[in-house]
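Visitor: Below is a structure I'd like to ask you about.
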Amino acid sequence: MEHLIEQITSITSFLPSFLQGTGETLSIALVSLAAGLLIGLAFSLSYSIKSIWIRWPILLICNLIRGLPEILILFIVYFGGSYFLSYLTNGQIEINAFLAGTITLAIIFGAYASKIFYSALHHIVPGEKEAAAILGLSRWKTLYFIILPQIWHQSLPGLGNLWLTLLKDTVLVSLIGGTDLMSRTQIIVQNTQQPFTFYLLMAGIYLFLTTLSEFGIQSIQRTKHV
Amino acid sequence: MFESLLSGATLSLGLTCLSLVIGLFLALIMTYVLNSNYNSLKFLTQGFIFFTRGVPLLVQFFLLYYGSAQFEWVRNSLLWEILQHPFACALIALALNSSAYTTVLLQSSICNIPKGEIEACIALHMPLYTRLRQVILPRAFSTFWPAYSNEAIMVLKSTSLASTITLMDLMGATRQIIAKTYEPAEALIMAGCLYLLMSGLLMGIFHTLRYYFNNKNNKPIFSLPQKLHNEFGHT
């Protein structure tokens, strides 16, 4: 009984650190979600450009990203980014773990999302574009008012799955030394020598986040249908 | 340098194939349980799938490899013989993870079969085995297999996470080379090419298997009336 109380007090003393780490993880995930949506949209729109000099390189990049493991892309962005920045400034610059992690996750999200957006773009009837042109809407207005709402509606289930993957992939940032939930838990484990307890606690936090976002996705889908 | 990468790649490929086979076996059992009447077992399976799909794989690796060492009784028991090896831990975690995802795929492909077909089978007094062999499985297979080949690629990609628990797979070998030489570019590019080769190989295997199975399975579907006539003609 005393052992249990001791355990609980030790866990509660680390709660602030856990909360900070959760905030950091969530901010990485949300920033890469926003950037990834933009990248995915840009990629999917460029698939239908006629010039093969634009279309093929983008298709190649997209398929490369989808075929390589996430860690490998993270390392390429981390080491490659540091090398590139050092080369530009003739000094020793190391890229921030937060930045490298966000860029990597955004690129991966964008590559997968572009396929979803692309298949949604195919479902739009060409007559709608023609109708918009006859009404005198500009290109951007057609994209914003006619095409985007339909794509959004079509691709919401796929994007929901991608968001869950993205949320789980945020643990990878700890491999290049960030201050997210996983890195903080690793430090706590080193201090307390209780890996099972604290990793399980972290697993619980991730379960909570994924369940919460699943409910969120479902409620967004329901409002869209009505 | 290339030799260590190549041996790492064979380890990755072996880990992928083993965990896919074990995962598929477990998934078949779990799908059977989910479609049966054992309510407590069903509840356990659903809980397991919920946990495995909601928690990052890296955390599962750490829970199994580092977490199991926290308890005295695990270290003294026979389990420790298995759990102290990173390869065994990676295999267990990957197989369990892939089994959870595969169960969901199997479940959805079985649910997608039109109910009328199964009712028709029951109306014809078809025994369970024939029903499974001739109608349900071929039908479910055609939707399951493409999704499962994606799952195989996902497993191959997630074997790279095993390098975090000191396993010397392709990613582990790459990280070791980077730590030794401080020259990440070559090793990373070579590892990337090897990963692409391996996923290409897996895709090729899955495509040929699909072709092979389809040729075998198409016959029973199309010759169903004939078979029915042979088996149930006298009733």
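Each chain in the structure tokens gets a letter, A, B, ..., in the order shown, and its residues are numbered from 1; ligands are numbered from 1 in order too.
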Please find the residues of chain B near chain A - the criterion being any atom within 10 Å, counting only C-alpha atoms - and write them as an mmCIF file with all heavy atoms, in the first residue's frame.
Guide:
data_model
loop_
_atom_site.group_PDB
_atom_site.id
_atom_site.type_symbol
_atom_site.label_atom_id
_atom_site.label_comp_id
_atom_site.auth_asym_id
_atom_site.auth_seq_id
_atom_site.Cartn_x
_atom_site.Cartn_y
_atom_site.Cartn_z
ATOM 1 N N PHE B 50 -7.818 -1.576 -30.154
ATOM 2 C CA PHE B 50 -7.896 -0.152 -29.809
ATOM 3 C C PHE B 50 -6.544 0.353 -29.311
ATOM 4 O O PHE B 50 -6.040 1.384 -29.757
ATOM 5 C CB PHE B 50 -8.976 0.045 -28.746
ATOM 6 C CG PHE B 50 -9.043 1.421 -28.181
ATOM 7 C CD1 PHE B 50 -9.490 2.474 -28.965
ATOM 8 C CD2 PHE B 50 -8.673 1.664 -26.870
ATOM 9 C CE1 PHE B 50 -9.559 3.743 -28.441
ATOM 10 C CE2 PHE B 50 -8.734 2.931 -26.346
ATOM 11 C CZ PHE B 50 -9.181 3.975 -27.133
ATOM 12 N N PHE B 51 -5.918 -0.414 -28.409
ATOM 13 C CA PHE B 51 -4.620 -0.005 -27.844
ATOM 14 C C PHE B 51 -3.556 0.023 -28.923
ATOM 15 O O PHE B 51 -2.815 0.995 -29.061
ATOM 16 C CB PHE B 51 -4.218 -0.966 -26.727
ATOM 17 C CG PHE B 51 -2.914 -0.612 -26.070
ATOM 18 C CD1 PHE B 51 -2.871 0.321 -25.053
ATOM 19 C CD2 PHE B 51 -1.735 -1.212 -26.478
ATOM 20 C CE1 PHE B 51 -1.677 0.653 -24.453
ATOM 21 C CE2 PHE B 51 -0.541 -0.875 -25.885
ATOM 22 C CZ PHE B 51 -0.510 0.060 -24.872
ATOM 23 N N THR B 52 -3.479 -1.051 -29.719
ATOM 24 C CA THR B 52 -2.386 -1.181 -30.675
ATOM 25 C C THR B 52 -2.472 -0.140 -31.780
ATOM 26 O O THR B 52 -1.457 0.344 -32.259
ATOM 27 C CB THR B 52 -2.402 -2.575 -31.303
ATOM 28 O OG1 THR B 52 -2.749 -3.508 -30.307
ATOM 29 C CG2 THR B 52 -1.056 -2.926 -31.859
ATOM 30 N N ARG B 53 -3.709 0.212 -32.177
ATOM 31 C CA ARG B 53 -3.818 1.175 -33.268
ATOM 32 C C ARG B 53 -3.724 2.611 -32.766
ATOM 33 O O ARG B 53 -3.465 3.512 -33.547
ATOM 34 C CB ARG B 53 -5.138 0.979 -34.013
ATOM 35 C CG ARG B 53 -5.202 -0.324 -34.733
ATOM 36 C CD ARG B 53 -6.494 -0.467 -35.469
ATOM 37 N NE ARG B 53 -6.531 0.330 -36.662
ATOM 38 C CZ ARG B 53 -7.606 0.947 -37.121
ATOM 39 N NH1 ARG B 53 -8.726 0.863 -36.469
ATOM 40 N NH2 ARG B 53 -7.549 1.636 -38.220
ATOM 41 N N GLY B 54 -3.931 2.825 -31.449
ATOM 42 C CA GLY B 54 -3.930 4.188 -30.940
ATOM 43 C C GLY B 54 -2.599 4.655 -30.401
ATOM 44 O O GLY B 54 -2.406 5.843 -30.179
ATOM 45 N N VAL B 55 -1.669 3.701 -30.170
ATOM 46 C CA VAL B 55 -0.393 4.055 -29.554
ATOM 47 C C VAL B 55 0.704 3.949 -30.610
ATOM 48 O O VAL B 55 0.697 3.004 -31.390
ATOM 49 C CB VAL B 55 -0.109 3.103 -28.371
ATOM 50 C CG1 VAL B 55 1.283 3.295 -27.849
ATOM 51 C CG2 VAL B 55 -1.114 3.321 -27.272
ATOM 52 N N PRO B 56 1.625 4.927 -30.664
ATOM 53 C CA PRO B 56 2.706 4.847 -31.649
ATOM 54 C C PRO B 56 3.524 3.565 -31.502
ATOM 55 O O PRO B 56 3.726 3.091 -30.384
ATOM 56 C CB PRO B 56 3.568 6.060 -31.319
ATOM 57 C CG PRO B 56 2.686 6.987 -30.607
ATOM 58 C CD PRO B 56 1.673 6.168 -29.900
ATOM 59 N N LEU B 57 3.993 3.035 -32.625
ATOM 60 C CA LEU B 57 4.739 1.773 -32.611
ATOM 61 C C LEU B 57 6.030 1.891 -31.803
ATOM 62 O O LEU B 57 6.426 0.962 -31.107
ATOM 63 C CB LEU B 57 5.053 1.364 -34.050
ATOM 64 C CG LEU B 57 5.735 0.026 -34.235
ATOM 65 C CD1 LEU B 57 4.890 -1.079 -33.659
ATOM 66 C CD2 LEU B 57 6.005 -0.242 -35.685
ATOM 67 N N LEU B 58 6.647 3.073 -31.871
ATOM 68 C CA LEU B 58 7.896 3.286 -31.136
ATOM 69 C C LEU B 58 7.678 3.087 -29.637
ATOM 70 O O LEU B 58 8.498 2.468 -28.945
ATOM 71 C CB LEU B 58 8.403 4.704 -31.413
ATOM 72 C CG LEU B 58 9.797 5.039 -30.906
ATOM 73 C CD1 LEU B 58 10.815 4.229 -31.656
ATOM 74 C CD2 LEU B 58 10.091 6.502 -31.072
ATOM 75 N N VAL B 59 6.542 3.590 -29.144
ATOM 76 C CA VAL B 59 6.223 3.445 -27.726
ATOM 77 C C VAL B 59 6.003 1.961 -27.384
ATOM 78 O O VAL B 59 6.408 1.487 -26.323
ATOM 79 C CB VAL B 59 4.980 4.277 -27.378
ATOM 80 C CG1 VAL B 59 4.652 4.148 -25.916
ATOM 81 C CG2 VAL B 59 5.190 5.714 -27.725
ATOM 82 N N GLN B 60 5.398 1.223 -28.325
ATOM 83 C CA GLN B 60 5.197 -0.211 -28.086
ATOM 84 C C GLN B 60 6.537 -0.946 -28.006
ATOM 85 O O GLN B 60 6.734 -1.816 -27.160
ATOM 86 C CB GLN B 60 4.333 -0.804 -29.195
ATOM 87 C CG GLN B 60 2.928 -0.285 -29.169
ATOM 88 C CD GLN B 60 2.133 -0.745 -30.363
ATOM 89 O OE1 GLN B 60 2.369 -1.815 -30.900
ATOM 90 N NE2 GLN B 60 1.191 0.066 -30.790
ATOM 91 N N PHE B 62 9.367 0.360 -27.029
ATOM 92 C CA PHE B 62 10.014 0.743 -25.769
ATOM 93 C C PHE B 62 9.354 0.050 -24.593
ATOM 94 O O PHE B 62 10.036 -0.367 -23.659
ATOM 95 C CB PHE B 62 9.953 2.272 -25.587
ATOM 96 C CG PHE B 62 11.041 2.999 -26.318
ATOM 97 C CD1 PHE B 62 11.512 2.522 -27.529
ATOM 98 C CD2 PHE B 62 11.592 4.146 -25.809
ATOM 99 C CE1 PHE B 62 12.517 3.174 -28.211
ATOM 100 C CE2 PHE B 62 12.604 4.814 -26.479
ATOM 101 C CZ PHE B 62 13.051 4.330 -27.674
ATOM 102 N N LEU B 63 8.005 -0.051 -24.641
ATOM 103 C CA LEU B 63 7.281 -0.720 -23.553
ATOM 104 C C LEU B 63 7.746 -2.163 -23.427
ATOM 105 O O LEU B 63 7.956 -2.675 -22.335
ATOM 106 C CB LEU B 63 5.782 -0.705 -23.840
ATOM 107 C CG LEU B 63 4.959 0.387 -23.204
ATOM 108 C CD1 LEU B 63 3.515 0.256 -23.628
ATOM 109 C CD2 LEU B 63 5.056 0.317 -21.692
ATOM 110 N N LEU B 64 7.920 -2.814 -24.583
ATOM 111 C CA LEU B 64 8.260 -4.233 -24.563
ATOM 112 C C LEU B 64 9.728 -4.447 -24.196
ATOM 113 O O LEU B 64 10.056 -5.317 -23.388
ATOM 114 C CB LEU B 64 7.968 -4.821 -25.947
ATOM 115 C CG LEU B 64 7.587 -6.293 -25.959
ATOM 116 C CD1 LEU B 64 6.318 -6.500 -25.186
ATOM 117 C CD2 LEU B 64 7.401 -6.754 -27.394
ATOM 118 N N TYR B 65 10.622 -3.629 -24.783
ATOM 119 C CA TYR B 65 12.056 -3.886 -24.616
ATOM 120 C C TYR B 65 12.596 -3.304 -23.312
ATOM 121 O O TYR B 65 13.225 -3.995 -22.530
ATOM 122 C CB TYR B 65 12.804 -3.317 -25.816
ATOM 123 C CG TYR B 65 14.269 -3.666 -25.828
ATOM 124 C CD1 TYR B 65 14.682 -4.992 -25.926
ATOM 125 C CD2 TYR B 65 15.242 -2.678 -25.744
ATOM 126 C CE1 TYR B 65 16.022 -5.318 -25.941
ATOM 127 C CE2 TYR B 65 16.588 -3.000 -25.760
ATOM 128 C CZ TYR B 65 16.968 -4.310 -25.865
ATOM 129 O OH TYR B 65 18.298 -4.641 -25.868
ATOM 130 N N TYR B 66 12.346 -2.011 -23.082
ATOM 131 C CA TYR B 66 12.840 -1.382 -21.860
ATOM 132 C C TYR B 66 11.876 -1.598 -20.700
ATOM 133 O O TYR B 66 12.295 -1.783 -19.562
ATOM 134 C CB TYR B 66 13.058 0.117 -22.076
ATOM 135 C CG TYR B 66 14.104 0.426 -23.107
ATOM 136 C CD1 TYR B 66 13.805 1.130 -24.258
ATOM 137 C CD2 TYR B 66 15.414 -0.009 -22.943
ATOM 138 C CE1 TYR B 66 14.769 1.397 -25.216
ATOM 139 C CE2 TYR B 66 16.385 0.251 -23.893
ATOM 140 C CZ TYR B 66 16.049 0.953 -25.026
ATOM 141 O OH TYR B 66 17.003 1.212 -25.969
ATOM 142 N N GLY B 67 10.561 -1.541 -20.998
ATOM 143 C CA GLY B 67 9.570 -1.609 -19.931
ATOM 144 C C GLY B 67 9.557 -2.943 -19.215
ATOM 145 O O GLY B 67 9.359 -3.007 -18.000
ATOM 146 N N SER B 68 9.792 -4.035 -19.964
ATOM 147 C CA SER B 68 9.693 -5.348 -19.324
ATOM 148 C C SER B 68 10.811 -5.565 -18.304
ATOM 149 O O SER B 68 10.694 -6.408 -17.411
ATOM 150 C CB SER B 68 9.727 -6.442 -20.384
ATOM 151 O OG SER B 68 10.930 -6.368 -21.099
ATOM 152 N N ALA B 69 11.892 -4.797 -18.410
ATOM 153 C CA ALA B 69 13.018 -4.991 -17.483
ATOM 154 C C ALA B 69 12.739 -4.386 -16.112
ATOM 155 O O ALA B 69 13.505 -4.596 -15.175
ATOM 156 C CB ALA B 69 14.277 -4.370 -18.076
ATOM 157 N N GLN B 70 11.632 -3.628 -16.003
ATOM 158 C CA GLN B 70 11.355 -2.963 -14.726
ATOM 159 C C GLN B 70 10.952 -3.953 -13.637
ATOM 160 O O GLN B 70 11.221 -3.736 -12.459
ATOM 161 C CB GLN B 70 10.247 -1.937 -14.924
ATOM 162 C CG GLN B 70 9.912 -1.145 -13.663
ATOM 163 C CD GLN B 70 8.793 -0.159 -13.923
ATOM 164 O OE1 GLN B 70 8.640 0.339 -15.028
ATOM 165 N NE2 GLN B 70 8.019 0.130 -12.896
ATOM 166 N N PHE B 71 10.323 -5.075 -14.049
ATOM 167 C CA PHE B 71 9.767 -5.988 -13.054
ATOM 168 C C PHE B 71 10.735 -7.122 -12.736
ATOM 169 O O PHE B 71 11.297 -7.750 -13.640
ATOM 170 C CB PHE B 71 8.449 -6.567 -13.567
ATOM 171 C CG PHE B 71 7.450 -5.500 -13.888
ATOM 172 C CD1 PHE B 71 7.114 -5.236 -15.207
ATOM 173 C CD2 PHE B 71 6.871 -4.743 -12.888
ATOM 174 C CE1 PHE B 71 6.206 -4.239 -15.509
ATOM 175 C CE2 PHE B 71 5.962 -3.750 -13.187
ATOM 176 C CZ PHE B 71 5.635 -3.500 -14.494
ATOM 177 N N ILE B 153 3.850 -3.067 -46.998
ATOM 178 C CA ILE B 153 4.816 -1.979 -47.186
ATOM 179 C C ILE B 153 4.943 -1.169 -45.898
ATOM 180 O O ILE B 153 6.039 -0.771 -45.495
ATOM 181 C CB ILE B 153 4.372 -1.063 -48.345
ATOM 182 C CG1 ILE B 153 4.263 -1.864 -49.641
ATOM 183 C CG2 ILE B 153 5.348 0.074 -48.545
ATOM 184 C CD1 ILE B 153 5.540 -2.360 -50.174
ATOM 185 N N MET B 154 3.799 -0.961 -45.218
ATOM 186 C CA MET B 154 3.844 -0.232 -43.945
ATOM 187 C C MET B 154 4.714 -0.967 -42.933
ATOM 188 O O MET B 154 5.492 -0.352 -42.203
ATOM 189 C CB MET B 154 2.434 -0.084 -43.359
ATOM 190 C CG MET B 154 1.522 0.839 -44.124
ATOM 191 S SD MET B 154 2.133 2.494 -44.209
ATOM 192 C CE MET B 154 1.517 3.126 -42.675
ATOM 193 N N VAL B 155 4.590 -2.313 -42.884
ATOM 194 C CA VAL B 155 5.400 -3.092 -41.938
ATOM 195 C C VAL B 155 6.874 -2.964 -42.289
ATOM 196 O O VAL B 155 7.710 -2.761 -41.410
ATOM 197 C CB VAL B 155 4.959 -4.569 -41.927
ATOM 198 C CG1 VAL B 155 5.921 -5.411 -41.141
ATOM 199 C CG2 VAL B 155 3.573 -4.705 -41.351
ATOM 200 N N LEU B 156 7.181 -3.034 -43.587
ATOM 201 C CA LEU B 156 8.580 -2.893 -44.006
ATOM 202 C C LEU B 156 9.128 -1.537 -43.554
ATOM 203 O O LEU B 156 10.245 -1.436 -43.043
ATOM 204 C CB LEU B 156 8.694 -3.022 -45.525
ATOM 205 C CG LEU B 156 10.085 -2.737 -46.086
ATOM 206 C CD1 LEU B 156 11.056 -3.805 -45.641
ATOM 207 C CD2 LEU B 156 10.078 -2.635 -47.583
ATOM 208 N N LYS B 157 8.305 -0.487 -43.709
ATOM 209 C CA LYS B 157 8.773 0.836 -43.314
ATOM 210 C C LYS B 157 8.924 0.932 -41.802
ATOM 211 O O LYS B 157 9.821 1.593 -41.304
ATOM 212 C CB LYS B 157 7.795 1.906 -43.818
ATOM 213 C CG LYS B 157 7.859 2.072 -45.311
ATOM 214 C CD LYS B 157 7.419 3.436 -45.758
ATOM 215 C CE LYS B 157 5.965 3.660 -45.595
ATOM 216 N NZ LYS B 157 5.560 4.987 -46.085
ATOM 217 N N SER B 158 8.020 0.254 -41.075
ATOM 218 C CA SER B 158 8.121 0.409 -39.614
ATOM 219 C C SER B 158 9.194 -0.487 -39.002
ATOM 220 O O SER B 158 9.531 -0.297 -37.849
ATOM 221 C CB SER B 158 6.762 0.187 -38.945
ATOM 222 O OG SER B 158 6.041 -0.806 -39.554
ATOM 223 N N THR B 159 9.777 -1.426 -39.784
ATOM 224 C CA THR B 159 10.913 -2.172 -39.215
ATOM 225 C C THR B 159 12.069 -1.230 -38.920
ATOM 226 O O THR B 159 12.904 -1.532 -38.076
ATOM 227 C CB THR B 159 11.423 -3.264 -40.167
ATOM 228 O OG1 THR B 159 11.656 -2.689 -41.433
ATOM 229 C CG2 THR B 159 10.480 -4.420 -40.265
ATOM 230 N N SER B 160 12.091 -0.077 -39.620
ATOM 231 C CA SER B 160 13.193 0.855 -39.384
ATOM 232 C C SER B 160 13.163 1.389 -37.961
ATOM 233 O O SER B 160 14.190 1.826 -37.438
ATOM 234 C CB SER B 160 13.116 2.004 -40.375
ATOM 235 O OG SER B 160 11.914 2.708 -40.202
ATOM 236 N N LEU B 161 11.997 1.331 -37.303
ATOM 237 C CA LEU B 161 11.905 1.798 -35.910
ATOM 238 C C LEU B 161 12.641 0.864 -34.963
ATOM 239 O O LEU B 161 12.995 1.247 -33.849
ATOM 240 C CB LEU B 161 10.441 1.905 -35.487
ATOM 241 C CG LEU B 161 9.661 3.049 -36.093
ATOM 242 C CD1 LEU B 161 8.220 2.969 -35.656
ATOM 243 C CD2 LEU B 161 10.253 4.358 -35.659
ATOM 244 N N SER B 163 15.519 -0.029 -35.064
ATOM 245 C CA SER B 163 16.891 0.420 -34.806
ATOM 246 C C SER B 163 16.975 1.173 -33.482
ATOM 247 O O SER B 163 18.053 1.281 -32.905
ATOM 248 C CB SER B 163 17.364 1.314 -35.943
ATOM 249 O OG SER B 163 16.606 2.499 -35.976
ATOM 250 N N THR B 164 15.834 1.674 -32.969
ATOM 251 C CA THR B 164 15.867 2.401 -31.696
ATOM 252 C C THR B 164 16.053 1.471 -30.510
ATOM 253 O O THR B 164 16.438 1.914 -29.442
ATOM 254 C CB THR B 164 14.566 3.187 -31.475
ATOM 255 O OG1 THR B 164 13.483 2.274 -31.581
ATOM 256 C CG2 THR B 164 14.412 4.272 -32.493
ATOM 257 N N MET B 171 18.302 0.413 -41.002
ATOM 258 C CA MET B 171 18.378 1.749 -40.407
ATOM 259 C C MET B 171 19.438 1.791 -39.307
ATOM 260 O O MET B 171 20.165 2.773 -39.177
ATOM 261 C CB MET B 171 16.999 2.104 -39.838
ATOM 262 C CG MET B 171 16.773 3.560 -39.615
ATOM 263 S SD MET B 171 16.817 4.468 -41.144
ATOM 264 C CE MET B 171 17.707 5.900 -40.612
ATOM 265 N N THR B 174 22.777 2.019 -40.881
ATOM 266 C CA THR B 174 22.977 3.374 -41.410
ATOM 267 C C THR B 174 23.358 4.336 -40.291
ATOM 268 O O THR B 174 24.281 5.146 -40.429
ATOM 269 C CB THR B 174 21.685 3.871 -42.078
ATOM 270 O OG1 THR B 174 21.157 2.838 -42.885
ATOM 271 C CG2 THR B 174 21.945 5.088 -42.913
ATOM 272 N N ARG B 175 22.633 4.225 -39.172
ATOM 273 C CA ARG B 175 22.917 5.145 -38.058
ATOM 274 C C ARG B 175 24.313 4.914 -37.501
ATOM 275 O O ARG B 175 24.999 5.854 -37.115
ATOM 276 C CB ARG B 175 21.863 4.960 -36.961
ATOM 277 C CG ARG B 175 20.521 5.522 -37.369
ATOM 278 C CD ARG B 175 19.459 5.196 -36.371
ATOM 279 N NE ARG B 175 19.565 5.996 -35.174
ATOM 280 C CZ ARG B 175 18.669 5.971 -34.196
ATOM 281 N NH1 ARG B 175 17.616 5.196 -34.302
ATOM 282 N NH2 ARG B 175 18.805 6.718 -33.136
ATOM 283 N N GLU B 183 29.599 11.261 -41.985
ATOM 284 C CA GLU B 183 29.231 11.617 -43.347
ATOM 285 C C GLU B 183 27.898 10.981 -43.689
ATOM 286 O O GLU B 183 27.834 9.856 -44.172
ATOM 287 C CB GLU B 183 30.312 11.161 -44.326
ATOM 288 C CG GLU B 183 31.426 12.182 -44.437
ATOM 289 C CD GLU B 183 32.569 11.661 -45.264
ATOM 290 O OE1 GLU B 183 32.412 10.599 -45.878
ATOM 291 O OE2 GLU B 183 33.608 12.323 -45.265
ATOM 292 N N PRO B 184 26.811 11.687 -43.388
ATOM 293 C CA PRO B 184 25.491 11.061 -43.501
ATOM 294 C C PRO B 184 25.025 10.846 -44.937
ATOM 295 O O PRO B 184 24.275 9.915 -45.196
ATOM 296 C CB PRO B 184 24.569 12.042 -42.772
ATOM 297 C CG PRO B 184 25.292 13.334 -42.790
ATOM 298 C CD PRO B 184 26.744 13.032 -42.820
ATOM 299 N N ALA B 185 25.503 11.667 -45.895
ATOM 300 C CA ALA B 185 24.872 11.684 -47.214
ATOM 301 C C ALA B 185 24.888 10.316 -47.895
ATOM 302 O O ALA B 185 23.838 9.785 -48.263
ATOM 303 C CB ALA B 185 25.561 12.724 -48.088
ATOM 304 N N LEU B 188 22.841 7.516 -46.116
ATOM 305 C CA LEU B 188 21.397 7.737 -46.169
ATOM 306 C C LEU B 188 20.850 7.442 -47.560
ATOM 307 O O LEU B 188 19.808 6.797 -47.700
ATOM 308 C CB LEU B 188 21.072 9.176 -45.777
ATOM 309 C CG LEU B 188 21.076 9.479 -44.285
ATOM 310 C CD1 LEU B 188 20.786 10.946 -44.039
ATOM 311 C CD2 LEU B 188 20.036 8.634 -43.567
ATOM 312 N N ILE B 189 21.590 7.895 -48.600
ATOM 313 C CA ILE B 189 21.096 7.667 -49.964
ATOM 314 C C ILE B 189 21.084 6.174 -50.272
ATOM 315 O O ILE B 189 20.125 5.634 -50.833
ATOM 316 C CB ILE B 189 21.968 8.442 -50.974
ATOM 317 C CG1 ILE B 189 21.701 9.944 -50.820
ATOM 318 C CG2 ILE B 189 21.660 8.000 -52.396
ATOM 319 C CD1 ILE B 189 22.648 10.809 -51.582
ATOM 320 N N ALA B 191 20.884 3.692 -48.148
ATOM 321 C CA ALA B 191 19.807 3.036 -47.391
ATOM 322 C C ALA B 191 18.459 3.293 -48.051
ATOM 323 O O ALA B 191 17.618 2.388 -48.143
ATOM 324 C CB ALA B 191 19.797 3.546 -45.953
ATOM 325 N N GLY B 192 18.267 4.523 -48.543
ATOM 326 C CA GLY B 192 17.016 4.851 -49.218
ATOM 327 C C GLY B 192 16.803 3.971 -50.434
ATOM 328 O O GLY B 192 15.720 3.416 -50.641
ATOM 329 N N CYS B 193 17.888 3.803 -51.241
ATOM 330 C CA CYS B 193 17.773 2.956 -52.431
ATOM 331 C C CYS B 193 17.433 1.521 -52.034
ATOM 332 O O CYS B 193 16.591 0.868 -52.671
ATOM 333 C CB CYS B 193 19.068 2.980 -53.221
ATOM 334 S SG CYS B 193 19.380 4.556 -53.993
ATOM 335 N N LEU B 194 18.087 1.019 -50.973
ATOM 336 C CA LEU B 194 17.820 -0.364 -50.552
ATOM 337 C C LEU B 194 16.380 -0.518 -50.088
ATOM 338 O O LEU B 194 15.722 -1.521 -50.397
ATOM 339 C CB LEU B 194 18.784 -0.768 -49.427
ATOM 340 C CG LEU B 194 20.175 -1.154 -49.907
ATOM 341 C CD1 LEU B 194 21.097 -1.412 -48.737
ATOM 342 C CD2 LEU B 194 20.087 -2.409 -50.767
ATOM 343 N N TYR B 195 15.857 0.482 -49.351
ATOM 344 C CA TYR B 195 14.466 0.403 -48.899
ATOM 345 C C TYR B 195 13.508 0.382 -50.086
ATOM 346 O O TYR B 195 12.545 -0.387 -50.117
ATOM 347 C CB TYR B 195 14.120 1.576 -47.976
ATOM 348 C CG TYR B 195 14.353 1.267 -46.520
ATOM 349 C CD1 TYR B 195 15.292 1.954 -45.779
ATOM 350 C CD2 TYR B 195 13.627 0.266 -45.890
ATOM 351 C CE1 TYR B 195 15.518 1.660 -44.460
ATOM 352 C CE2 TYR B 195 13.846 -0.036 -44.574
ATOM 353 C CZ TYR B 195 14.794 0.665 -43.860
ATOM 354 O OH TYR B 195 15.010 0.361 -42.552
ATOM 355 N N LEU B 196 13.804 1.232 -51.099
ATOM 356 C CA LEU B 196 12.936 1.257 -52.276
ATOM 357 C C LEU B 196 12.982 -0.074 -53.004
ATOM 358 O O LEU B 196 11.951 -0.594 -53.451
ATOM 359 C CB LEU B 196 13.365 2.385 -53.219
ATOM 360 C CG LEU B 196 13.046 3.791 -52.739
ATOM 361 C CD1 LEU B 196 13.519 4.812 -53.741
ATOM 362 C CD2 LEU B 196 11.556 3.942 -52.519
ATOM 363 N N LEU B 197 14.203 -0.662 -53.109
ATOM 364 C CA LEU B 197 14.345 -1.976 -53.747
ATOM 365 C C LEU B 197 13.512 -3.017 -53.017
ATOM 366 O O LEU B 197 12.786 -3.809 -53.629
ATOM 367 C CB LEU B 197 15.818 -2.403 -53.707
ATOM 368 C CG LEU B 197 16.621 -2.252 -54.981
ATOM 369 C CD1 LEU B 197 18.052 -2.679 -54.736
ATOM 370 C CD2 LEU B 197 16.002 -3.121 -56.058
ATOM 371 N N MET B 198 13.622 -2.998 -51.679
ATOM 372 C CA MET B 198 12.901 -4.007 -50.890
ATOM 373 C C MET B 198 11.395 -3.843 -51.046
ATOM 374 O O MET B 198 10.671 -4.836 -51.175
ATOM 375 C CB MET B 198 13.286 -3.903 -49.420
ATOM 376 C CG MET B 198 14.650 -4.477 -49.124
ATOM 377 S SD MET B 198 14.892 -4.727 -47.380
ATOM 378 C CE MET B 198 15.022 -3.082 -46.793
ATOM 379 N N SER B 199 10.916 -2.580 -51.052
ATOM 380 C CA SER B 199 9.456 -2.427 -51.185
ATOM 381 C C SER B 199 9.013 -2.815 -52.589
ATOM 382 O O SER B 199 7.930 -3.378 -52.763
ATOM 383 C CB SER B 199 9.003 -1.018 -50.812
ATOM 384 O OG SER B 199 9.710 -0.063 -51.520
ATOM 385 N N GLY B 200 9.892 -2.581 -53.586
ATOM 386 C CA GLY B 200 9.581 -3.037 -54.930
ATOM 387 C C GLY B 200 9.481 -4.550 -54.997
ATOM 388 O O GLY B 200 8.563 -5.111 -55.603
#
Visitor: What's the 7 Å shell around Leu15 (chain B), counting only C-alpha atoms, without same-chain residues fewer than 4 positions away, as a ChimeraX atom specification?
Guide: /B:11,19,91
Visitor: Keeping only C-alpha atoms, write those residues as a compact mmCIF listing (two decimals), in the first residue's frame.
Guide:
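Wrote it out as again00.txt, contents follow:
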# COMPACT_ATOMS: atom_id res chain seq x y z
CA LEU B 11 17.62 -8.56 -41.44
CA SER B 19 6.05 -10.51 -38.68
CA LEU B 91 9.31 -9.30 -33.91
Visitor: Considering only C-alpha atoms, can you say which of A:Leu41, A:Leu181, A:Phe145, A:Gly160 comes closest to Phe215 (chain A)?
Guide: A:Gly160
Visitor: For the atom pair CA of Arg184 (chain A) and CA of Leu26 (chain A), what is the interatomic distance in Å to one decimal place?
Guide: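 Value for the CA of Arg184 (chain A)-CA of Leu26 (chain A) distance: 14.1 Å.
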Visitor: Choose the residue, out of A:Thr185, A:Ala131, A:Gln221, A:Glu94, that has the smallest atom-to-atom separation from His153 (chain A); count only C-alpha atoms.
Guide: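 Distance minimum relative to His153 (chain A) lands on A:Gln221.
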Visitor: A:Ile151, A:Val173, A:Leu4, A:Ile217: which is nearest Asn96 (chain A), counting only C-alpha atoms?
Guide: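 For Asn96 (chain A), the nearest of the candidates is A:Val173.
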Visitor: When you count only C-alpha atoms, which of these residues is closest to Leu201 (chain B): B:Asn39, B:Leu83, B:Ala152, B:Thr102?
Guide: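 Under the stated criterion, the closest residue is B:Ala152.
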